[in-house]
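*Asks:* Below is model.txt; it holds compact mmCIF, N, CA and C atoms.
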# COMPACT_ATOMS: atom_id res chain seq x y z
N MET A 1 16.88 5.64 -12.34
CA MET A 1 17.07 5.15 -11.00
C MET A 1 16.53 3.73 -10.93
N GLY A 2 17.29 2.79 -10.45
CA GLY A 2 16.89 1.39 -10.41
C GLY A 2 16.04 1.04 -9.20
N GLN A 3 15.42 -0.12 -9.28
CA GLN A 3 14.61 -0.58 -8.18
C GLN A 3 15.48 -1.29 -7.15
N THR A 4 15.00 -1.33 -5.93
CA THR A 4 15.72 -2.01 -4.87
C THR A 4 14.76 -2.94 -4.14
N ASN A 5 15.29 -3.99 -3.59
CA ASN A 5 14.44 -4.89 -2.81
C ASN A 5 14.74 -4.77 -1.32
N LEU A 6 15.38 -3.68 -0.92
CA LEU A 6 15.67 -3.41 0.47
C LEU A 6 14.37 -3.22 1.23
N LYS A 7 14.20 -3.95 2.33
CA LYS A 7 12.99 -3.84 3.13
C LYS A 7 13.36 -3.60 4.58
N TYR A 8 12.50 -2.96 5.28
CA TYR A 8 12.67 -2.79 6.72
C TYR A 8 11.81 -3.85 7.38
N VAL A 9 12.32 -5.08 7.43
CA VAL A 9 11.51 -6.22 7.83
C VAL A 9 11.13 -6.23 9.31
N GLU A 10 11.77 -5.44 10.12
CA GLU A 10 11.44 -5.42 11.54
C GLU A 10 10.10 -4.73 11.80
N GLN A 11 9.56 -4.10 10.81
CA GLN A 11 8.31 -3.36 11.01
C GLN A 11 7.15 -4.07 10.31
N ARG A 12 6.23 -4.62 11.11
CA ARG A 12 4.96 -5.10 10.55
C ARG A 12 3.99 -3.96 10.69
N LEU A 13 3.46 -3.54 9.58
CA LEU A 13 2.64 -2.34 9.58
C LEU A 13 1.28 -2.61 8.95
N ARG A 14 0.32 -1.84 9.38
CA ARG A 14 -1.00 -1.85 8.77
C ARG A 14 -1.34 -0.40 8.44
N ALA A 15 -1.93 -0.21 7.27
CA ALA A 15 -2.32 1.14 6.84
C ALA A 15 -3.81 1.19 6.61
N ARG A 16 -4.43 2.28 7.04
CA ARG A 16 -5.83 2.54 6.74
C ARG A 16 -5.87 3.77 5.85
N ILE A 17 -6.49 3.62 4.70
CA ILE A 17 -6.56 4.72 3.75
C ILE A 17 -7.54 5.76 4.27
N LYS A 18 -7.05 7.01 4.39
CA LYS A 18 -7.90 8.06 4.93
C LYS A 18 -8.40 9.04 3.88
N LYS A 19 -7.73 9.09 2.73
CA LYS A 19 -8.20 9.97 1.65
C LYS A 19 -7.48 9.58 0.36
N SER A 20 -7.97 10.11 -0.72
CA SER A 20 -7.32 9.91 -2.01
C SER A 20 -7.50 11.18 -2.83
N ALA A 21 -6.43 11.90 -3.01
CA ALA A 21 -6.49 13.16 -3.74
C ALA A 21 -6.62 12.95 -5.24
N TRP A 22 -6.19 11.80 -5.74
CA TRP A 22 -6.22 11.52 -7.17
C TRP A 22 -7.33 10.53 -7.49
N LYS A 23 -8.22 10.91 -8.36
CA LYS A 23 -9.34 10.03 -8.73
C LYS A 23 -8.87 8.81 -9.52
N ASN A 24 -7.67 8.84 -10.07
CA ASN A 24 -7.18 7.70 -10.83
C ASN A 24 -6.25 6.80 -10.01
N SER A 25 -6.13 7.04 -8.71
CA SER A 25 -5.31 6.14 -7.88
C SER A 25 -6.06 4.83 -7.67
N TRP A 26 -5.34 3.75 -7.47
CA TRP A 26 -5.98 2.44 -7.33
C TRP A 26 -6.84 2.38 -6.08
N TYR A 27 -6.57 3.19 -5.09
CA TYR A 27 -7.31 3.12 -3.82
C TYR A 27 -8.35 4.23 -3.66
N HIS A 28 -8.68 4.92 -4.74
CA HIS A 28 -9.63 6.03 -4.65
C HIS A 28 -10.98 5.60 -4.06
N ASN A 29 -11.48 4.45 -4.43
CA ASN A 29 -12.76 3.97 -3.93
C ASN A 29 -12.63 3.08 -2.70
N LEU A 30 -11.44 3.02 -2.12
CA LEU A 30 -11.19 2.13 -0.98
C LEU A 30 -10.88 2.90 0.31
N VAL A 31 -11.30 4.14 0.40
CA VAL A 31 -11.07 4.94 1.60
C VAL A 31 -11.73 4.25 2.79
N GLY A 32 -10.97 4.11 3.87
CA GLY A 32 -11.45 3.42 5.06
C GLY A 32 -10.98 1.98 5.17
N LYS A 33 -10.50 1.40 4.07
CA LYS A 33 -10.02 0.02 4.07
C LYS A 33 -8.65 -0.06 4.71
N ARG A 34 -8.36 -1.23 5.30
CA ARG A 34 -7.06 -1.47 5.94
C ARG A 34 -6.30 -2.53 5.17
N PHE A 35 -5.00 -2.34 5.09
CA PHE A 35 -4.12 -3.25 4.38
C PHE A 35 -2.85 -3.47 5.19
N GLU A 36 -2.31 -4.68 5.12
CA GLU A 36 -0.99 -4.93 5.69
C GLU A 36 0.03 -4.42 4.69
N VAL A 37 0.98 -3.64 5.18
CA VAL A 37 1.94 -2.97 4.29
C VAL A 37 3.35 -3.14 4.83
N GLU A 38 4.29 -2.73 4.02
CA GLU A 38 5.69 -2.66 4.45
C GLU A 38 6.23 -1.31 4.01
N ARG A 39 7.15 -0.80 4.78
CA ARG A 39 7.79 0.48 4.44
C ARG A 39 9.10 0.13 3.74
N ASN A 40 9.29 0.67 2.56
CA ASN A 40 10.56 0.48 1.87
C ASN A 40 11.03 1.84 1.35
N PRO A 41 12.19 1.92 0.73
CA PRO A 41 12.71 3.23 0.33
C PRO A 41 11.81 4.02 -0.61
N ILE A 42 10.94 3.34 -1.34
CA ILE A 42 10.05 4.04 -2.28
C ILE A 42 8.82 4.57 -1.56
N GLY A 43 8.37 3.89 -0.53
CA GLY A 43 7.19 4.35 0.19
C GLY A 43 6.45 3.22 0.89
N ILE A 44 5.15 3.37 1.03
CA ILE A 44 4.29 2.40 1.70
C ILE A 44 3.76 1.43 0.64
N LYS A 45 4.12 0.16 0.75
CA LYS A 45 3.79 -0.83 -0.26
C LYS A 45 2.97 -1.95 0.35
N LEU A 46 1.93 -2.40 -0.34
CA LEU A 46 1.16 -3.54 0.12
C LEU A 46 2.02 -4.79 0.09
N VAL A 47 1.90 -5.64 1.13
CA VAL A 47 2.59 -6.92 1.12
C VAL A 47 1.95 -7.78 0.04
N GLU A 48 2.64 -8.82 -0.38
CA GLU A 48 2.20 -9.61 -1.52
C GLU A 48 0.81 -10.23 -1.32
N SER A 49 0.52 -10.73 -0.13
CA SER A 49 -0.79 -11.34 0.10
C SER A 49 -1.93 -10.32 -0.07
N GLU A 50 -1.70 -9.09 0.34
CA GLU A 50 -2.69 -8.03 0.15
C GLU A 50 -2.77 -7.61 -1.32
N ALA A 51 -1.62 -7.58 -1.99
CA ALA A 51 -1.60 -7.20 -3.40
C ALA A 51 -2.38 -8.20 -4.25
N VAL A 52 -2.33 -9.48 -3.90
CA VAL A 52 -3.08 -10.49 -4.62
C VAL A 52 -4.58 -10.20 -4.53
N LYS A 53 -5.04 -9.83 -3.34
CA LYS A 53 -6.46 -9.49 -3.16
C LYS A 53 -6.86 -8.28 -4.01
N VAL A 54 -6.01 -7.26 -4.01
CA VAL A 54 -6.32 -6.05 -4.76
C VAL A 54 -6.29 -6.33 -6.27
N ARG A 55 -5.32 -7.15 -6.71
CA ARG A 55 -5.27 -7.50 -8.14
C ARG A 55 -6.55 -8.16 -8.60
N SER A 56 -7.07 -9.08 -7.79
CA SER A 56 -8.31 -9.74 -8.18
C SER A 56 -9.50 -8.78 -8.13
N LEU A 57 -9.49 -7.87 -7.18
CA LEU A 57 -10.55 -6.87 -7.07
C LEU A 57 -10.55 -5.92 -8.28
N LEU A 58 -9.36 -5.51 -8.69
CA LEU A 58 -9.24 -4.55 -9.79
C LEU A 58 -9.02 -5.22 -11.14
N ASP A 59 -8.93 -6.54 -11.16
CA ASP A 59 -8.64 -7.29 -12.38
C ASP A 59 -7.38 -6.75 -13.05
N ASP A 60 -6.31 -6.67 -12.27
CA ASP A 60 -5.05 -6.07 -12.70
C ASP A 60 -4.04 -7.16 -13.03
N SER A 61 -2.94 -6.77 -13.66
CA SER A 61 -1.91 -7.73 -14.05
C SER A 61 -1.14 -8.23 -12.83
N ALA A 62 -0.57 -9.42 -12.98
CA ALA A 62 0.07 -10.10 -11.86
C ALA A 62 1.35 -9.44 -11.37
N ASP A 63 1.96 -8.59 -12.15
CA ASP A 63 3.23 -7.98 -11.73
C ASP A 63 3.07 -6.56 -11.18
N THR A 64 1.86 -6.15 -10.89
CA THR A 64 1.62 -4.80 -10.39
C THR A 64 1.93 -4.72 -8.90
N ALA A 65 2.66 -3.69 -8.50
CA ALA A 65 2.92 -3.40 -7.09
C ALA A 65 2.05 -2.21 -6.70
N TYR A 66 1.53 -2.24 -5.48
CA TYR A 66 0.61 -1.20 -5.05
C TYR A 66 1.23 -0.39 -3.91
N TYR A 67 1.29 0.91 -4.10
CA TYR A 67 1.83 1.83 -3.13
C TYR A 67 0.75 2.80 -2.70
N ILE A 68 0.85 3.24 -1.45
CA ILE A 68 -0.07 4.25 -0.91
C ILE A 68 0.77 5.44 -0.49
N ARG A 69 0.33 6.63 -0.85
CA ARG A 69 1.03 7.83 -0.38
C ARG A 69 0.92 7.89 1.14
N GLU A 70 2.02 8.17 1.80
CA GLU A 70 2.03 8.17 3.25
C GLU A 70 1.11 9.23 3.85
N ASP A 71 0.95 10.35 3.18
CA ASP A 71 0.08 11.40 3.70
C ASP A 71 -1.40 11.10 3.45
N GLU A 72 -1.70 10.01 2.77
CA GLU A 72 -3.09 9.64 2.50
C GLU A 72 -3.52 8.40 3.27
N CYS A 73 -2.73 8.00 4.25
CA CYS A 73 -3.10 6.84 5.07
C CYS A 73 -2.56 7.02 6.49
N ASN A 74 -3.16 6.26 7.41
CA ASN A 74 -2.65 6.16 8.77
C ASN A 74 -1.90 4.85 8.86
N VAL A 75 -0.66 4.90 9.29
CA VAL A 75 0.18 3.70 9.40
C VAL A 75 0.38 3.39 10.87
N ILE A 76 0.10 2.14 11.25
CA ILE A 76 0.32 1.71 12.63
C ILE A 76 1.15 0.44 12.63
N ARG A 77 1.88 0.24 13.70
CA ARG A 77 2.67 -0.97 13.90
C ARG A 77 1.80 -1.98 14.62
N PHE A 78 1.92 -3.25 14.24
CA PHE A 78 1.17 -4.28 14.97
C PHE A 78 2.00 -5.50 15.20
Is it possible to express this structure as structure tokens?
*Replies:*
Amino acid sequence: MGQTNLKYVEQRLRARIKKSAWKNSWYHNLVGKRFEVERNPIGIKLVESEAVKVRSLLDDSADTAYYIREDECNVIRF
């Protein structure tokens, strides 16, 4: 299955991580933190400016995309 760049740009969203069921998820130690996100067909994805912050925090590679499971965060429109 290929990737898509389809975005629902009319929605500016913010997500607050409320739990992390997987200890190896990138946000396991970030419960309670808020991120600006976008909803796309794959799920809840951090916008690029937020991803840059997380990459530097985790010392991750520049091409990493960060997704949050929808059932593990509260998503609000702003």
*Asks:* Set the distance at 7 Å and use all atoms listed in the file: which residues neighbour stretch 32-37 of chain A once local chain neighbours fewer than 3 positions away are removed? I'd like the list as JSON, numbers by chain.
*Replies:* {"A": [11, 12, 13, 14, 15, 16, 17, 18, 19, 29, 44, 45, 46, 47, 50]}
*Asks:* Step one, run DSSP on the backbone; step two, keep only residues of stretch 11-72 of chain A assigned to helix (DSSP H, G or I); then write them as an MDAnalysis selection string.
*Replies:* chainID A and resid 28:30 48:58 70:72
*Asks:* Can you tell me how far atom CA of A:Glu38 sits from atom C of A:Leu58, in Å to one decimal?
*Replies:* 21.6 Å
*Asks:* Tell me, in Å to one decimal, how far atom C of A:Asp60 is from atom C of A:Phe78.
*Replies:*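 Going from atom C of A:Asp60 over to atom C of A:Phe78, I get 28.9 Å.
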*Asks:* In chain A, what's strand (DSSP E) per DSSP? Answer as an MDAnalysis selection string?
*Replies:* chainID A and resid 13:17 34:40 43:46 67:68 73:77
